[in-house]
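Written out below as C-alpha cells is the structure these notes cover.
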Protein chains: 2
Amino acid sequence: MSSRPPVFDGLDRKIITALTANARSSFAEIGAAIGLSATAVKRRVDRLREAGVITGFTATVKPSALGWRTEAYVEVYCDGAAPPRRLAEVVRNHPEISAAMTVTGGADALLHVRATDVEHFEEVLERIRTEPFIRKTISYMVLSHLLPESPEAGASQPAPKDTPGHAPDMR
Amino acid sequence: MSSRPPVFDGLDRKIITALTANARSSFAEIGAAIGLSATAVKRRVDRLREAGVITGFTATVKPSALGWRTEAYVEVYCDGAAPPRRLAEVVRNHPEISAAMTVTGGADALLHVRATDVEHFEEVLERIRTEPFIRKTISYMVLSHLLPESPEAGASQPAPKDTPGHAPDMR
DNA sequence: AATGAAATATTCAAAGC
DNA sequence: GCTTTGAATATTTCATT
C-alpha cells in the first residue's frame with residue numbers, strides 16, 4: 001500500500017516533461033526553459049533517477065521500420081489457478097511478447113505480441129499454446145492505431161529472427 | 001504493399017540498440033562501442049531520424065510515481081459502422097487514453113487507459129460512454145505486470161487532474 | 001538548494017582521404 | 001562514407017552564498 005509522499009515538486013515535473021519530450025535536451029536548455037541553472041537541473045535529474053521516478057532514457061523507434069509489422073493482443077486462459085509467478089516464467093520464454101499482465105475478466109492474462117508478419121505471429125501463438133498449463137488463447141490483431149504510437153523500445157526486443165521466410169532483410 | 005528496402009545496416013542497428021538502452025549516451029561512447037568515430041555515429045543517427053526509423057528520445061517514468069496507479073484495457077463497441085476517423089477524434093478528447101487501436105474481434109476498438117485511481121477510472125469511463133456513437137464498453141483492469149513495464153512516456157500525458165479527491169498531491 | 005567558475009567532454013562543421 | 005581537426009557548447013565538480 002501506500003503512496004509514500006511524492007518526492008518531487010513542480011519544477012521536477014517540468015523537468016520530467018522536458019525530458020519526456022526530448023531525452024537528449026541539455027541540462028542548460030531545460031534550465032533556461034524553467035528558470036534554473038544547468039547544475040540545479042542536473043542535481044534534480046540525478047535525484048529523480050535515484051528515487052526511481054525516472055527509470056531511464058530511451059530512443060523511440062517505429063516498430064515497422066525494424067521489421068515488426070504485426071501486432072496483437074492475446075488473452076490467455078490457464079488450467080486451474082494460474083500462479084502469476086509461473087505465468088511470468090512462461091512469458092519470458094517468448095521474446096515476441098512485449099508486455100504481459102494479469103487482468104480482471106475471464107482471462108488469466110493479457111499479452112501484447114509483436115511479430116514480423118502473420119505467419120510469424122501464428123508460429124508464436126503455437127509456441128505459447130504448447131506451454132504446460134496454457135488452455136486456450138484468444139487473439140485480437142491490431143488493425144490501425146488511433147493515436148500516435150506511444151514510445152516503445154522497439155530495439156530492446158531482439159532483432160526479428162532472420163529465419164529466411166520470416167524476417168525482412170535488415171541488410 | 002510495400003516494405004521499401006530497409007534504410008539501415010548492422011551498424012545502424014547497433015546504434016539503435018545503444019540509444020534504446022540509453023538515449024543519453026554520447027556519440028563518442030556509442031562510436032567506441034561499435035568501432036566508429038563520434039562524427040560518423042552522429043551522421044547515422046541524423047539519417048535514422050530523417051528516415052523516420054528513430055522517432056524521438058524520451059525519458060521513461062514509473063507511472064505510479066506520477067500518480068497513475070490504475071490501468072485498464074477497454075473494448076469499445078460502436079453504433080453502426082464505426083469510421084476510424086471519427087473514433088480517433090473521440091479518443092483524442094480523453095487525455096487518460098494512452099493508446100487506442102482498431103482490432104479484429106467483436107470490438108471496434110481497444111483502448112489503454114491510465115487513471116489515478118479506480119474512482120477516476122470510473123469517471124473516465126462515464127465520459128467515454130457519453131460520446132455520441134459509443135454503444136458499450138468492456139473493461140479489463142490490469143492487476144499486475146508479468147514483464148518489466150515497457151517504457152511509456154508517463155509525463156507526456158497531462159498531469160493527473162488536481163481535482164481534490166482525485167489526484168494525489170504532487171506538491 | 002541554487003549559483004558561478006574552471007576543468008573536462010561532447011557536439012558539429014569543414015576539409016581531406 | 002569515414003576520419004581528423006578545431007571552435008563552440010555542454011557537462012561536471014567544487015567552492016560559495
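Labels used: A, B, ... for chains in the order of the C-alpha cells, numbers from 1 for residues in each chain, and numbers from 1 for ligands as shown.
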- What's the 7 Å shell around Lys62 (chain A), counting only C-alpha atoms (C1' of nucleotides), without same-chain residues fewer than 6 positions away, as a VMD selection string? chain B and resid 53 to 55
- All residues 6 Å or closer to Trp68 (chain A), only C-alpha atoms (C1' of nucleotides), same chain fewer than 5 positions away omitted, as a list in words: Pro63, Ala115 and Thr116 of chain A
Could you turn the residues from that selection into a file that holds C-alpha atoms, as a short mmCIF file (atom, residue, chain, number, x, y, z; two decimals), in the first residue's frame?
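Result file is selection_5.cif:
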```
data_model
loop_
_atom_site.label_atom_id
_atom_site.label_comp_id
_atom_site.auth_asym_id
_atom_site.auth_seq_id
_atom_site.Cartn_x
_atom_site.Cartn_y
_atom_site.Cartn_z
CA PRO A 63 8.42 -0.81 -34.97
CA ALA A 115 5.76 -10.32 -34.86
CA THR A 116 7.25 -9.66 -38.23
#
```
Rows by chain and residue number, chain D within 12 Å of chain B, shortest pair, only C-alpha atoms (C1' of nucleotides), as a tab-separated table:
```
residue	atom	partner	partner_atom	distance
D:DG1	C1'	B:Ala40	CA	8.4
D:DC2	C1'	B:Ala40	CA	6.6
D:DT3	C1'	B:Ser37	CA	7.2
D:DT4	C1'	B:Ser37	CA	9.8
D:DT5	C1'	B:Thr39	CA	11.9
D:DA10	C1'	B:Ser26	CA	11.4
D:DT11	C1'	B:Ser26	CA	11.4
```
- Using only C-alpha atoms (C1' of nucleotides), determine which residues of chain B fall within 10 Å of chain C; present them as a VMD selection string. chain B and resid 26 to 29 38 to 39 42
Selection above as a file: C-alpha atoms, as a PDB file, in the first residue's frame:
```pdb
ATOM      1  CA  SER B  26      27.235  10.388 -26.213  1.00  0.00           C
ATOM      2  CA  PHE B  27      28.036   9.732 -29.845  1.00  0.00           C
ATOM      3  CA  ALA B  28      31.654   9.159 -28.832  1.00  0.00           C
ATOM      4  CA  GLU B  29      30.589   6.474 -26.364  1.00  0.00           C
ATOM      5  CA  ALA B  38      31.599  10.129 -32.934  1.00  0.00           C
ATOM      6  CA  THR B  39      31.047  12.081 -36.109  1.00  0.00           C
ATOM      7  CA  LYS B  42      26.056  11.359 -35.374  1.00  0.00           C
TER       8      LYS B  42
END
```
- Message: Residues of chain B within 7 Å of chain A, counting only C-alpha atoms, what are they? List them as a PyMOL selection string.
- Response: chain B and resi 6+9-10+16-17+19-24+53-62+65+88+99-105+140-147+149-153+155-156+170-171
- Task: Mind giving me the straight-line distance from CA of Val124 (chain A) to CA of Pro95 (chain A) in Å, one decimal?
- Result: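 According to the coordinates, CA of Val124 (chain A) and CA of Pro95 (chain A) are separated by 9.4 Å.
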What's around Thr130 (chain B) at 12 Å? Count only C-alpha atoms (C1' of nucleotides), leave out sequence neighbours fewer than 4 positions away in its own chain, and write the answer as a CSV table (one decimal) with N, CA, C and O atoms, in the first residue's frame.
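Written output follows (part24.csv):
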```csv
chain,number,residue,atom,x,y,z
B,78,CYS,N,-19.3,0.3,-31.0
B,78,CYS,CA,-19.9,1.5,-31.6
B,78,CYS,C,-21.3,1.1,-32.2
B,78,CYS,O,-21.5,0.0,-32.6
B,90,VAL,N,-12.7,11.1,-31.1
B,90,VAL,CA,-13.3,10.8,-29.8
B,90,VAL,C,-12.1,10.5,-28.8
B,90,VAL,O,-12.1,11.0,-27.7
B,93,ASN,N,-10.2,13.3,-27.3
B,93,ASN,CA,-10.9,14.1,-26.3
B,93,ASN,C,-10.5,13.7,-24.9
B,93,ASN,O,-10.9,14.4,-23.9
B,94,HIS,N,-9.9,12.5,-24.7
B,94,HIS,CA,-9.8,12.0,-23.4
B,94,HIS,C,-8.3,11.7,-23.1
B,94,HIS,O,-7.8,10.7,-23.6
B,123,GLU,N,-14.8,7.6,-13.7
B,123,GLU,CA,-15.2,8.9,-14.3
B,123,GLU,C,-14.9,9.0,-15.8
B,123,GLU,O,-15.6,9.4,-16.6
B,124,VAL,N,-13.7,8.5,-16.1
B,124,VAL,CA,-13.2,8.4,-17.5
B,124,VAL,C,-14.2,7.6,-18.3
B,124,VAL,O,-14.6,8.0,-19.4
B,125,LEU,N,-14.5,6.4,-17.8
B,125,LEU,CA,-15.4,5.5,-18.5
B,125,LEU,C,-16.7,6.1,-18.7
B,125,LEU,O,-17.3,6.0,-19.9
B,126,GLU,N,-17.3,6.9,-17.8
B,126,GLU,CA,-18.6,7.5,-18.0
B,126,GLU,C,-18.5,8.6,-19.0
B,126,GLU,O,-19.3,8.7,-19.9
B,134,ILE,N,-20.8,5.8,-29.1
B,134,ILE,CA,-20.3,4.6,-28.3
B,134,ILE,C,-21.5,3.9,-27.7
B,134,ILE,O,-22.3,4.4,-27.0
B,135,ARG,N,-21.5,2.6,-28.0
B,135,ARG,CA,-22.7,1.8,-27.6
B,135,ARG,C,-22.4,1.2,-26.2
B,135,ARG,O,-23.2,1.2,-25.3
B,136,LYS,N,-21.3,0.5,-26.1
B,136,LYS,CA,-20.9,-0.1,-24.8
B,136,LYS,C,-19.4,-0.3,-24.7
B,136,LYS,O,-18.7,-0.2,-25.7
B,137,THR,N,-19.0,-0.5,-23.5
B,137,THR,CA,-17.6,-0.7,-23.3
B,137,THR,C,-17.4,-1.9,-22.3
B,137,THR,O,-18.3,-2.2,-21.5
```
- If you run DSSP on the backbone, which residues of chain A are alpha helix (DSSP H), as a VMD selection string? chain A and resid 10 to 21 27 to 34 38 to 50 84 to 92 118 to 130
- Task: Identify all residues of region 27-113 of chain B in strand (DSSP E or B) (DSSP on the backbone) and supply them as a PyMOL selection string.
- Result: chain B and resi 54-61+70-78+97-103+109-113
- Which residue gives the smallest distance to Asp117 (chain B) among B:Ala32, B:Thr70, B:Gly80, B:Pro132, with only C-alpha atoms counted? B:Thr70
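Relative to CA of Glu96 (chain A), CA of Glu75 (chain A) is found at 14.8 Å.
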- Task: Just give me the gap between CA of Gly31 (chain A) and CA of Asp12 (chain A) in Å, one decimal is fine.
- Result: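 Between CA of Gly31 (chain A) and CA of Asp12 (chain A) the gap works out to 11.0 Å.
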